[in-house]
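**Q** One structure, pasted below without further comment.
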Amino acid sequence: MFVDEVTLELIAGDGGNGCMAFRREKYVEMGGPFGGNGGKGSNIIFKVDEGLNTLLDLRYKKLIRGNKGANGEGKGCHGANAEDVIVRVPQGTVITDVESGLVIADLVKKDDEVIAAYGGRGGRGNIAFATRANPAPAYAENGEPGEIRKVKIELKLLADVGLVGMPSVGKSTIISKISASKAKIAAYHFTTLSPNLGVVKTKDERTFVVADMPGLIEGASLGGGLGDKFLRHIERTRVLAHVVDMSAWEGRDPYEDYVIINKELENFSKKMLLKPQIIIANKMDVPGAEENLKIFKEKVKDVEIFPVSAMSNDGLDKVLIKLADMLDQIEKLPLYEEEEIESHVLYKFERTQPFTITHEGNEWVIRGNEVEKLLRMTRFTTDEAANRFANKLRKMGIDDKLRSMGAKEGDTVRILDFEFEYKE
(Lines give C-alpha, C1' and ligand atoms only; values in the text may rest on other atoms or scores of the structure.)
Protein backbone atom coordinates (compact mmCIF):
# COMPACT_ATOMS: atom_id res chain seq x y z
CA MET A 1 0.00 0.00 0.00
CA PHE A 2 1.31 3.46 -0.93
CA VAL A 3 0.95 5.94 1.95
CA ASP A 4 2.38 9.42 1.46
CA GLU A 5 0.93 11.54 4.28
CA VAL A 6 0.42 11.05 8.01
CA THR A 7 -0.05 13.31 11.03
CA LEU A 8 1.62 12.45 14.32
CA GLU A 9 1.84 13.81 17.83
CA LEU A 10 5.36 13.78 19.21
CA ILE A 11 6.13 13.76 22.94
CA ALA A 12 9.84 13.79 23.63
CA GLY A 13 11.16 12.21 26.82
CA ASP A 14 11.14 14.12 30.10
CA GLY A 15 14.41 14.63 31.88
CA GLY A 16 15.09 12.47 34.93
CA ASN A 17 14.58 14.02 38.37
CA GLY A 18 17.51 15.31 40.35
CA CYS A 19 18.18 13.70 43.72
CA MET A 20 18.23 15.39 47.12
CA ALA A 21 20.58 13.47 49.39
CA PHE A 22 23.24 14.18 51.99
CA ARG A 23 26.50 12.45 52.72
CA ARG A 24 26.33 10.61 56.01
CA GLU A 25 29.37 8.55 56.89
CA LYS A 26 31.05 7.69 60.14
CA TYR A 27 33.89 10.08 60.92
CA VAL A 28 32.77 12.52 58.19
CA GLU A 29 31.30 15.62 59.78
CA MET A 30 28.92 17.83 57.83
CA GLY A 31 29.23 15.67 54.71
CA GLY A 32 27.15 18.07 52.68
CA PRO A 33 24.87 17.51 49.64
CA PHE A 34 25.27 14.23 47.79
CA GLY A 35 22.36 14.04 45.26
CA GLY A 36 23.17 13.54 41.55
CA ASN A 37 21.54 15.02 38.46
CA GLY A 38 18.88 13.30 36.38
CA GLY A 39 19.57 12.07 32.85
CA LYS A 40 18.37 13.76 29.67
CA GLY A 41 15.10 12.61 28.07
CA SER A 42 15.17 11.08 24.60
CA ASN A 43 14.90 13.21 21.47
CA ILE A 44 12.60 12.08 18.66
CA ILE A 45 14.68 11.93 15.49
CA PHE A 46 13.51 11.35 11.91
CA LYS A 47 16.15 9.67 9.76
CA VAL A 48 16.27 8.67 6.09
CA ASP A 49 16.18 4.95 5.31
CA GLU A 50 16.91 4.24 1.64
CA GLY A 51 15.09 0.92 1.92
CA LEU A 52 11.70 2.62 2.43
CA ASN A 53 9.48 4.09 -0.29
CA THR A 54 6.24 4.73 1.62
CA LEU A 55 5.05 6.01 5.00
CA LEU A 56 3.04 2.83 5.60
CA ASP A 57 4.90 2.04 8.84
CA LEU A 58 3.60 5.31 10.33
CA ARG A 59 0.04 5.10 9.05
CA TYR A 60 -1.52 3.62 12.18
CA LYS A 61 0.64 5.51 14.67
CA LYS A 62 -1.03 8.50 16.26
CA LEU A 63 1.62 9.15 18.89
CA ILE A 64 5.37 8.70 19.20
CA ARG A 65 6.63 9.08 22.75
CA GLY A 66 10.21 9.40 23.96
CA ASN A 67 11.62 7.81 27.10
CA LYS A 68 12.33 9.56 30.36
CA GLY A 69 15.91 9.98 31.54
CA ALA A 70 16.93 8.05 34.63
CA ASN A 71 16.63 9.82 37.99
CA GLY A 72 19.71 10.97 39.83
CA GLU A 73 20.71 9.01 42.93
CA GLY A 74 22.58 9.48 46.17
CA LYS A 75 26.36 9.31 46.50
CA GLY A 76 26.61 11.81 43.63
CA CYS A 77 25.37 9.31 41.01
CA HIS A 78 23.92 10.94 37.89
CA GLY A 79 21.05 9.32 36.02
CA ALA A 80 21.65 7.87 32.56
CA ASN A 81 20.44 9.71 29.46
CA ALA A 82 17.53 8.04 27.68
CA GLU A 83 18.24 6.56 24.25
CA ASP A 84 16.89 8.69 21.40
CA VAL A 85 13.85 7.43 19.47
CA ILE A 86 14.73 7.01 15.77
CA VAL A 87 11.85 7.14 13.27
CA ARG A 88 12.90 5.91 9.82
CA VAL A 89 11.36 7.54 6.75
CA PRO A 90 11.93 7.42 2.97
CA GLN A 91 14.06 9.89 1.02
CA GLY A 92 11.98 12.91 0.07
CA THR A 93 10.13 13.14 3.39
CA VAL A 94 9.01 16.60 4.47
CA ILE A 95 8.23 17.23 8.16
CA THR A 96 6.04 20.24 8.94
CA ASP A 97 4.95 21.70 12.28
CA VAL A 98 1.14 21.75 12.21
CA GLU A 99 0.76 24.74 14.54
CA SER A 100 3.22 27.13 12.85
CA GLY A 101 3.08 25.71 9.32
CA LEU A 102 6.87 25.89 9.10
CA VAL A 103 8.93 23.10 7.59
CA ILE A 104 11.05 21.37 10.23
CA ALA A 105 13.10 19.45 7.68
CA ASP A 106 13.19 18.26 4.07
CA LEU A 107 15.05 14.94 4.19
CA VAL A 108 16.39 14.18 0.73
CA LYS A 109 19.91 12.79 1.16
CA LYS A 110 21.17 9.45 2.40
CA ASP A 111 21.31 9.38 6.21
CA ASP A 112 19.74 12.85 6.54
CA GLU A 113 18.21 13.27 9.99
CA VAL A 114 16.57 15.92 12.14
CA ILE A 115 15.54 16.26 15.77
CA ALA A 116 11.82 16.93 15.48
CA ALA A 117 11.15 17.06 19.25
CA TYR A 118 13.78 17.73 21.91
CA GLY A 119 13.99 15.72 25.12
CA GLY A 120 14.03 17.59 28.41
CA ARG A 121 17.26 18.10 30.32
CA GLY A 122 17.75 16.24 33.55
CA GLY A 123 16.84 17.96 36.80
CA ARG A 124 19.77 19.03 38.96
CA GLY A 125 20.49 17.27 42.21
CA ASN A 126 21.29 19.24 45.35
CA ILE A 127 25.05 18.91 44.69
CA ALA A 128 24.58 21.33 41.78
CA PHE A 129 22.98 24.01 43.99
CA ALA A 130 25.66 24.12 46.67
CA THR A 131 27.21 27.57 47.10
CA ARG A 132 29.37 29.24 49.70
CA ALA A 133 26.29 30.99 51.08
CA ASN A 134 24.23 27.79 51.09
CA PRO A 135 26.60 24.80 51.29
CA ALA A 136 23.83 22.25 51.99
CA PRO A 137 20.76 23.09 49.88
CA ALA A 138 17.65 21.08 50.78
CA TYR A 139 16.08 20.99 47.33
CA ALA A 140 16.53 19.43 43.89
CA GLU A 141 14.86 19.84 40.52
CA ASN A 142 12.44 17.63 38.66
CA GLY A 143 13.41 16.87 35.08
CA GLU A 144 12.52 19.29 32.31
CA PRO A 145 9.39 18.21 30.35
CA GLY A 146 10.05 16.92 26.83
CA GLU A 147 8.92 18.95 23.85
CA ILE A 148 5.37 18.25 22.62
CA ARG A 149 4.34 19.05 19.07
CA LYS A 150 2.07 17.88 16.27
CA VAL A 151 3.69 17.28 12.90
CA LYS A 152 2.61 16.43 9.37
CA ILE A 153 4.80 13.93 7.53
CA GLU A 154 4.63 14.06 3.72
CA LEU A 155 6.47 12.04 1.12
CA LYS A 156 7.40 14.01 -1.99
CA LEU A 157 9.10 11.68 -4.43
CA LEU A 158 12.57 12.38 -5.77
CA ALA A 159 12.08 12.56 -9.54
CA ASP A 160 13.61 14.69 -12.30
CA VAL A 161 10.70 14.56 -14.74
CA GLY A 162 6.96 14.38 -14.00
CA LEU A 163 4.48 12.92 -16.49
CA VAL A 164 1.15 14.75 -16.15
CA GLY A 165 -2.09 14.58 -18.08
CA MET A 166 -5.68 13.40 -18.16
CA PRO A 167 -6.57 9.79 -17.29
CA SER A 168 -5.85 7.17 -19.99
CA VAL A 169 -3.63 9.39 -22.16
CA GLY A 170 -0.81 6.83 -22.03
CA LYS A 171 1.44 7.99 -19.18
CA SER A 172 1.76 4.50 -17.70
CA THR A 173 2.46 3.02 -21.12
CA ILE A 174 5.21 5.59 -21.69
CA ILE A 175 6.96 4.92 -18.37
CA SER A 176 6.73 1.16 -18.95
CA LYS A 177 8.42 1.59 -22.36
CA ILE A 178 11.24 3.92 -21.26
CA SER A 179 12.09 2.26 -17.92
CA ALA A 180 11.83 -1.01 -16.03
CA SER A 181 8.76 0.27 -14.14
CA LYS A 182 5.90 -2.26 -14.13
CA ALA A 183 3.05 0.25 -14.16
CA LYS A 184 -0.47 -1.12 -14.40
CA ILE A 185 -1.98 -0.47 -17.85
CA ALA A 186 -5.66 -0.83 -18.70
CA ALA A 187 -8.30 0.81 -20.91
CA TYR A 188 -10.21 2.54 -18.14
CA HIS A 189 -9.83 5.73 -16.15
CA PHE A 190 -7.75 5.92 -12.97
CA THR A 191 -5.83 2.72 -13.61
CA THR A 192 -2.88 4.42 -11.89
CA LEU A 193 -3.83 4.92 -8.24
CA SER A 194 -0.38 5.89 -6.94
CA PRO A 195 2.74 7.43 -8.48
CA ASN A 196 5.14 5.17 -10.38
CA LEU A 197 8.87 5.87 -10.50
CA GLY A 198 11.14 4.72 -13.31
CA VAL A 199 14.87 5.14 -13.93
CA VAL A 200 15.51 6.04 -17.58
CA LYS A 201 18.74 5.61 -19.54
CA THR A 202 19.16 7.39 -22.89
CA LYS A 203 21.08 6.05 -25.86
CA ASP A 204 24.05 8.24 -24.89
CA GLU A 205 24.10 6.69 -21.38
CA ARG A 206 22.57 9.59 -19.43
CA THR A 207 20.14 8.64 -16.68
CA PHE A 208 17.32 10.38 -14.84
CA VAL A 209 14.18 9.50 -12.85
CA VAL A 210 10.65 9.88 -14.24
CA ALA A 211 7.47 9.93 -12.14
CA ASP A 212 4.14 8.86 -13.65
CA MET A 213 1.30 10.68 -11.87
CA PRO A 214 -2.27 9.40 -11.53
CA GLY A 215 -4.55 11.09 -14.07
CA LEU A 216 -6.01 14.50 -13.30
CA ILE A 217 -9.42 15.83 -14.25
CA GLU A 218 -11.01 19.26 -14.14
CA GLY A 219 -11.59 20.18 -10.50
CA ALA A 220 -8.80 17.95 -9.20
CA SER A 221 -7.43 20.84 -7.14
CA LEU A 222 -10.82 20.95 -5.38
CA GLY A 223 -10.90 17.19 -4.78
CA GLY A 224 -12.36 15.93 -8.06
CA GLY A 225 -11.33 12.46 -9.22
CA LEU A 226 -8.33 11.40 -7.19
CA GLY A 227 -7.95 15.03 -6.15
CA ASP A 228 -4.62 16.82 -5.96
CA LYS A 229 -3.13 14.54 -3.27
CA PHE A 230 -0.49 13.17 -5.65
CA LEU A 231 0.59 16.49 -7.14
CA ARG A 232 3.00 16.95 -4.25
CA HIS A 233 5.15 14.27 -5.88
CA ILE A 234 6.00 16.49 -8.86
CA GLU A 235 6.94 19.50 -6.75
CA ARG A 236 10.58 18.38 -6.81
CA THR A 237 10.67 17.65 -10.56
CA ARG A 238 12.70 19.97 -12.75
CA VAL A 239 10.74 19.32 -15.95
CA LEU A 240 7.08 18.55 -16.65
CA ALA A 241 6.26 16.29 -19.59
CA HIS A 242 2.64 16.94 -20.47
CA VAL A 243 1.12 13.88 -22.15
CA VAL A 244 -1.80 14.70 -24.48
CA ASP A 245 -3.98 12.15 -26.28
CA MET A 246 -4.03 13.28 -29.93
CA SER A 247 -6.56 10.61 -30.89
CA ALA A 248 -9.31 12.66 -29.20
CA TRP A 249 -10.56 9.46 -27.61
CA GLU A 250 -14.06 9.70 -26.10
CA GLY A 251 -14.59 12.88 -28.09
CA ARG A 252 -12.20 14.93 -25.94
CA ASP A 253 -10.45 18.01 -27.30
CA PRO A 254 -6.64 17.67 -26.91
CA TYR A 255 -6.14 21.44 -26.53
CA GLU A 256 -8.91 21.72 -23.94
CA ASP A 257 -7.36 18.84 -21.99
CA TYR A 258 -4.00 20.64 -22.06
CA VAL A 259 -5.52 23.91 -20.78
CA ILE A 260 -7.47 22.14 -18.01
CA ILE A 261 -4.40 20.32 -16.68
CA ASN A 262 -2.30 23.48 -16.66
CA LYS A 263 -5.06 25.24 -14.75
CA GLU A 264 -5.16 22.47 -12.15
CA LEU A 265 -1.37 22.66 -11.79
CA GLU A 266 -1.59 26.41 -11.26
CA ASN A 267 -4.37 26.02 -8.69
CA PHE A 268 -2.20 23.58 -6.75
CA SER A 269 0.89 25.81 -6.85
CA LYS A 270 1.81 28.71 -9.11
CA LYS A 271 5.39 27.41 -9.03
CA MET A 272 4.25 24.47 -11.19
CA LEU A 273 3.80 26.62 -14.29
CA LEU A 274 7.29 28.05 -13.85
CA LYS A 275 8.79 24.62 -14.50
CA PRO A 276 10.02 23.97 -18.06
CA GLN A 277 7.54 21.88 -20.04
CA ILE A 278 7.44 19.72 -23.12
CA ILE A 279 4.35 18.20 -24.70
CA ILE A 280 4.25 14.52 -25.63
CA ALA A 281 1.57 14.14 -28.32
CA ASN A 282 0.68 10.48 -27.81
CA LYS A 283 -1.36 7.93 -29.81
CA MET A 284 -0.21 9.28 -33.17
CA ASP A 285 -0.87 5.84 -34.69
CA VAL A 286 -4.63 6.34 -34.30
CA PRO A 287 -6.55 7.64 -37.36
CA GLY A 288 -7.29 11.36 -37.12
CA ALA A 289 -4.36 12.09 -34.77
CA GLU A 290 -2.32 13.91 -37.47
CA GLU A 291 -5.18 16.36 -38.16
CA ASN A 292 -5.69 16.94 -34.43
CA LEU A 293 -1.97 17.62 -34.01
CA LYS A 294 -2.01 20.32 -36.71
CA ILE A 295 -4.88 22.10 -34.97
CA PHE A 296 -3.13 21.72 -31.61
CA LYS A 297 0.13 23.24 -32.94
CA GLU A 298 -1.75 26.28 -34.20
CA LYS A 299 -2.96 26.96 -30.65
CA VAL A 300 0.19 26.02 -28.70
CA LYS A 301 3.31 27.67 -30.10
CA ASP A 302 5.44 28.35 -27.01
CA VAL A 303 6.06 24.72 -25.92
CA GLU A 304 7.98 22.10 -27.90
CA ILE A 305 5.79 19.21 -29.06
CA PHE A 306 6.97 15.62 -29.65
CA PRO A 307 4.64 13.30 -31.62
CA VAL A 308 4.93 9.70 -30.35
CA SER A 309 3.17 6.38 -30.30
CA ALA A 310 3.94 4.89 -26.91
CA MET A 311 2.29 1.58 -27.77
CA SER A 312 4.71 0.97 -30.68
CA ASN A 313 7.62 2.77 -28.96
CA ASP A 314 7.83 5.25 -31.83
CA GLY A 315 9.39 8.67 -31.14
CA LEU A 316 10.22 8.11 -27.48
CA ASP A 317 14.00 8.16 -28.03
CA LYS A 318 13.82 11.79 -29.18
CA VAL A 319 11.77 12.67 -26.11
CA LEU A 320 14.35 11.12 -23.77
CA ILE A 321 17.27 12.94 -25.44
CA LYS A 322 15.39 16.24 -25.18
CA LEU A 323 14.58 15.66 -21.50
CA ALA A 324 18.19 14.74 -20.72
CA ASP A 325 19.41 17.90 -22.51
CA MET A 326 16.99 20.04 -20.49
CA LEU A 327 18.00 18.44 -17.20
CA ASP A 328 21.69 19.06 -17.98
CA GLN A 329 20.93 22.79 -18.06
CA ILE A 330 18.56 23.03 -15.09
CA GLU A 331 20.06 23.39 -11.63
CA LYS A 332 18.64 21.38 -8.75
CA LEU A 333 17.14 23.86 -6.32
CA PRO A 334 15.80 23.34 -2.78
CA LEU A 335 12.07 22.76 -2.58
CA TYR A 336 11.47 25.38 0.13
CA GLU A 337 12.48 29.00 0.52
CA GLU A 338 14.52 29.97 3.58
CA GLU A 339 11.58 31.76 5.23
CA GLU A 340 9.47 28.56 5.00
CA ILE A 341 11.95 26.51 7.04
CA GLU A 342 11.93 26.52 10.82
CA SER A 343 15.14 27.73 12.45
CA HIS A 344 15.85 25.38 15.34
CA VAL A 345 18.09 27.97 17.01
CA LEU A 346 15.28 30.52 17.04
CA TYR A 347 12.72 27.88 17.95
CA LYS A 348 14.60 26.78 21.04
CA PHE A 349 16.04 30.04 22.26
CA GLU A 350 14.00 32.93 20.92
CA ARG A 351 13.03 35.24 23.78
CA THR A 352 9.30 35.85 23.98
CA GLN A 353 7.02 37.34 26.63
CA PRO A 354 7.66 34.84 29.48
CA PHE A 355 4.14 35.02 30.94
CA THR A 356 0.63 36.44 30.67
CA ILE A 357 -1.73 37.17 33.58
CA THR A 358 -5.51 37.26 33.34
CA HIS A 359 -8.22 37.76 35.97
CA GLU A 360 -10.73 34.93 35.57
CA GLY A 361 -13.58 34.78 38.07
CA ASN A 362 -12.08 34.96 41.56
CA GLU A 363 -8.54 34.02 40.65
CA TRP A 364 -5.49 35.28 38.79
CA VAL A 365 -4.29 32.88 36.10
CA ILE A 366 -0.64 32.91 35.00
CA ARG A 367 0.30 31.28 31.70
CA GLY A 368 3.56 30.97 29.85
CA ASN A 369 5.98 28.23 28.85
CA GLU A 370 8.78 29.50 31.09
CA VAL A 371 6.56 29.78 34.18
CA GLU A 372 4.87 26.41 33.57
CA LYS A 373 8.21 24.69 33.04
CA LEU A 374 9.53 26.20 36.30
CA LEU A 375 6.48 24.86 38.14
CA ARG A 376 6.86 21.35 36.72
CA MET A 377 10.56 21.27 37.59
CA THR A 378 10.04 22.41 41.20
CA ARG A 379 9.66 19.74 43.84
CA PHE A 380 7.70 21.28 46.73
CA THR A 381 8.99 18.91 49.39
CA THR A 382 10.79 21.49 51.55
CA ASP A 383 10.26 25.12 52.52
CA GLU A 384 13.56 25.94 50.87
CA ALA A 385 12.29 24.63 47.50
CA ALA A 386 9.05 26.64 47.81
CA ASN A 387 11.00 29.81 48.68
CA ARG A 388 13.26 29.29 45.66
CA PHE A 389 10.19 28.99 43.41
CA ALA A 390 8.68 32.18 44.86
CA ASN A 391 11.97 34.08 44.40
CA LYS A 392 12.19 33.03 40.76
CA LEU A 393 8.64 34.27 40.11
CA ARG A 394 9.56 37.55 41.79
CA LYS A 395 12.66 37.93 39.58
CA MET A 396 10.51 37.33 36.49
CA GLY A 397 8.42 40.34 37.51
CA ILE A 398 5.25 38.40 38.28
CA ASP A 399 4.75 39.88 41.77
CA ASP A 400 5.08 43.43 40.40
CA LYS A 401 2.70 42.66 37.53
CA LEU A 402 0.06 41.20 39.87
CA ARG A 403 0.34 44.20 42.16
CA SER A 404 -0.05 46.63 39.25
CA MET A 405 -3.14 44.74 38.05
CA GLY A 406 -4.83 45.10 41.44
CA ALA A 407 -4.10 41.78 43.17
CA LYS A 408 -4.74 41.90 46.92
CA GLU A 409 -3.39 39.94 49.88
CA GLY A 410 -5.05 36.52 50.05
CA ASP A 411 -6.12 36.40 46.38
CA THR A 412 -5.83 33.03 44.62
CA VAL A 413 -3.18 32.70 41.93
CA ARG A 414 -3.26 29.66 39.62
CA ILE A 415 -0.55 28.18 37.41
CA LEU A 416 -1.76 25.08 35.53
CA ASP A 417 -3.65 23.05 38.16
CA PHE A 418 -1.76 24.49 41.15
CA GLU A 419 -3.21 27.27 43.29
CA PHE A 420 -1.22 29.67 45.49
CA GLU A 421 -2.12 32.46 47.85
CA TYR A 422 -0.89 35.91 46.88
CA LYS A 423 1.08 37.72 49.57
CA GLU A 424 2.52 41.21 49.53
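Chain labels A, B, ... are given in the sequence in which chains occur in the C-alpha coordinates; within each chain residues are numbered consecutively from 1, and ligands are likewise numbered from 1 in the order shown.
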Please return, as number ranges by chain, all residues of region 75-254 of chain A that DSSP assigns to strand (DSSP E) on the basis of the backbone.

**A** A: 85-89, 93-97, 103-107, 113-117, 148-155, 161-164, 196-201, 207-212, 239-245

**Q** Neighbouring residues of Val200 (chain A) were defined as those with any atom within 8 Å, considering only C-alpha atoms; residues of the same chain fewer than 4 positions away were excluded. Please report them as an MDAnalysis selection string.

**A** chainID A and resid 178:179 207:210

**Q** Pick the closest to Glu144 (chain A) from A:Lys373, A:His359, A:Lys75, A:His242: which is it, counting only C-alpha atoms?

**A** A:Lys373

**Q** Could you check the closest approach to Gly123 (chain A) for each of A:Gly13, A:Gly170, A:Gly368, A:Gly143 and tell me which residue wins, using only C-alpha atoms?

**A**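 The shortest atom-to-atom distance to Gly123 (chain A) comes from A:Gly143.
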
**Q** At a cut-off of 10 Å, using only C-alpha atoms, what residues contact Arg23 (chain A)? Leave out same-chain residues fewer than 4 positions from it and give the result as number ranges by chain.

**A** A: 28-35, 74-76

**Q** Would you mind exporting the chosen residues as a PDB file, in the first residue's frame, restricted to N, CA, C and O atoms?

**A**
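Final file, result.pdb:
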```pdb
ATOM      1  N   VAL A  28      32.820  11.406  59.151  1.00  0.00           N
ATOM      2  CA  VAL A  28      32.771  12.517  58.190  1.00  0.00           C
ATOM      3  C   VAL A  28      31.740  13.505  58.698  1.00  0.00           C
ATOM      4  O   VAL A  28      30.532  13.278  58.607  1.00  0.00           O
ATOM      5  N   GLU A  29      32.208  14.612  59.246  1.00  0.00           N
ATOM      6  CA  GLU A  29      31.300  15.622  59.781  1.00  0.00           C
ATOM      7  C   GLU A  29      30.788  16.519  58.660  1.00  0.00           C
ATOM      8  O   GLU A  29      31.526  16.886  57.750  1.00  0.00           O
ATOM      9  N   MET A  30      29.502  16.877  58.778  1.00  0.00           N
ATOM     10  CA  MET A  30      28.915  17.831  57.829  1.00  0.00           C
ATOM     11  C   MET A  30      29.256  17.433  56.385  1.00  0.00           C
ATOM     12  O   MET A  30      29.854  18.189  55.627  1.00  0.00           O
ATOM     13  N   GLY A  31      28.860  16.195  56.021  1.00  0.00           N
ATOM     14  CA  GLY A  31      29.233  15.666  54.707  1.00  0.00           C
ATOM     15  C   GLY A  31      28.723  16.478  53.532  1.00  0.00           C
ATOM     16  O   GLY A  31      29.295  16.431  52.444  1.00  0.00           O
ATOM     17  N   GLY A  32      27.646  17.215  53.741  1.00  0.00           N
ATOM     18  CA  GLY A  32      27.152  18.071  52.685  1.00  0.00           C
ATOM     19  C   GLY A  32      26.254  17.352  51.686  1.00  0.00           C
ATOM     20  O   GLY A  32      25.936  16.175  51.829  1.00  0.00           O
ATOM     21  N   PRO A  33      25.801  18.076  50.622  1.00  0.00           N
ATOM     22  CA  PRO A  33      24.867  17.507  49.641  1.00  0.00           C
ATOM     23  C   PRO A  33      25.528  16.384  48.843  1.00  0.00           C
ATOM     24  O   PRO A  33      26.724  16.421  48.565  1.00  0.00           O
ATOM     25  N   PHE A  34      24.707  15.381  48.480  1.00  0.00           N
ATOM     26  CA  PHE A  34      25.272  14.226  47.792  1.00  0.00           C
ATOM     27  C   PHE A  34      24.300  13.652  46.739  1.00  0.00           C
ATOM     28  O   PHE A  34      24.373  12.478  46.408  1.00  0.00           O
ATOM     29  N   GLY A  35      23.355  14.497  46.238  1.00  0.00           N
ATOM     30  CA  GLY A  35      22.362  14.039  45.255  1.00  0.00           C
ATOM     31  C   GLY A  35      22.795  14.356  43.834  1.00  0.00           C
ATOM     32  O   GLY A  35      23.181  15.488  43.510  1.00  0.00           O
ATOM     33  N   GLY A  74      21.648   9.046  45.133  1.00  0.00           N
ATOM     34  CA  GLY A  74      22.578   9.476  46.172  1.00  0.00           C
ATOM     35  C   GLY A  74      24.009   9.093  45.839  1.00  0.00           C
ATOM     36  O   GLY A  74      24.287   8.465  44.820  1.00  0.00           O
ATOM     37  N   LYS A  75      24.924   9.524  46.689  1.00  0.00           N
ATOM     38  CA  LYS A  75      26.361   9.310  46.499  1.00  0.00           C
ATOM     39  C   LYS A  75      26.861   9.977  45.214  1.00  0.00           C
ATOM     40  O   LYS A  75      27.822   9.528  44.588  1.00  0.00           O
ATOM     41  N   GLY A  76      26.158  11.045  44.801  1.00  0.00           N
ATOM     42  CA  GLY A  76      26.606  11.812  43.632  1.00  0.00           C
ATOM     43  C   GLY A  76      26.425  11.094  42.306  1.00  0.00           C
ATOM     44  O   GLY A  76      27.043  11.476  41.313  1.00  0.00           O
TER      45      GLY A  76
END
```

**Q** As a ChimeraX atom specification, please: every residue in region 100-347 of chain A that DSSP puts in helix (DSSP H, G or I).

**A** /A:171-178,220-222,231-234,249-251,254-268,270-274,289-299,316-329,338-340,344-347

**Q** Hey, what's within 12 Å of Val48 (chain A) if we count only C-alpha atoms and toss same-chain stuff fewer than 6 positions away? As a PyMOL selection string, please?

**A** chain A and resi 54-55+86-95+105-114+155

**Q** Region 407-422 of chain A: which residues within 8 Å, counting only C-alpha atoms, same-chain residues fewer than 5 positions away excluded, as a PyMOL selection string?

**A** chain A and resi 362-367+371-372+375+402

**Q** So the first atom is CA of Ile295 (chain A) and the second is CA of Ala281 (chain A); what is the distance between them in Å, to one decimal place?

**A**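 Atom-to-atom, CA of Ile295 (chain A) and CA of Ala281 (chain A) are spaced 12.2 Å apart.
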
**Q** For region 391-396 of chain A, please output as a count of residues only all residues within 9 Å (counting only C-alpha atoms; exclusion window: fewer than 6 positions along the same chain).

**A** 4

**Q** For Ile148 (chain A), please output as an NGL selection string all residues within 10 Å (counting only C-alpha atoms; exclusion window: fewer than 2 positions along the same chain).

**A** :A and (9-13 or 65 or 116-119 or 145-146 or 150-151)

**Q** Smallest atom-to-atom distance to Val85 (chain A): which of A:Met405, A:Leu274, A:Ile64, A:Leu335, using only C-alpha atoms?

**A** A:Ile64

**Q** What does the distance from CA of His233 (chain A) to CA of Phe306 (chain A) come to in Å, to one decimal?

**A**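 Rounded to one decimal, the two atoms are 23.9 Å apart.
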
**Q** So which one's closest to Gly120 (chain A), A:Arg252, A:Arg388, A:Lys68, A:Lys62? Using only C-alpha atoms, please.

**A**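 Comparing A:Arg252, A:Arg388, A:Lys68, A:Lys62 against Gly120 (chain A), the winner is A:Lys68.
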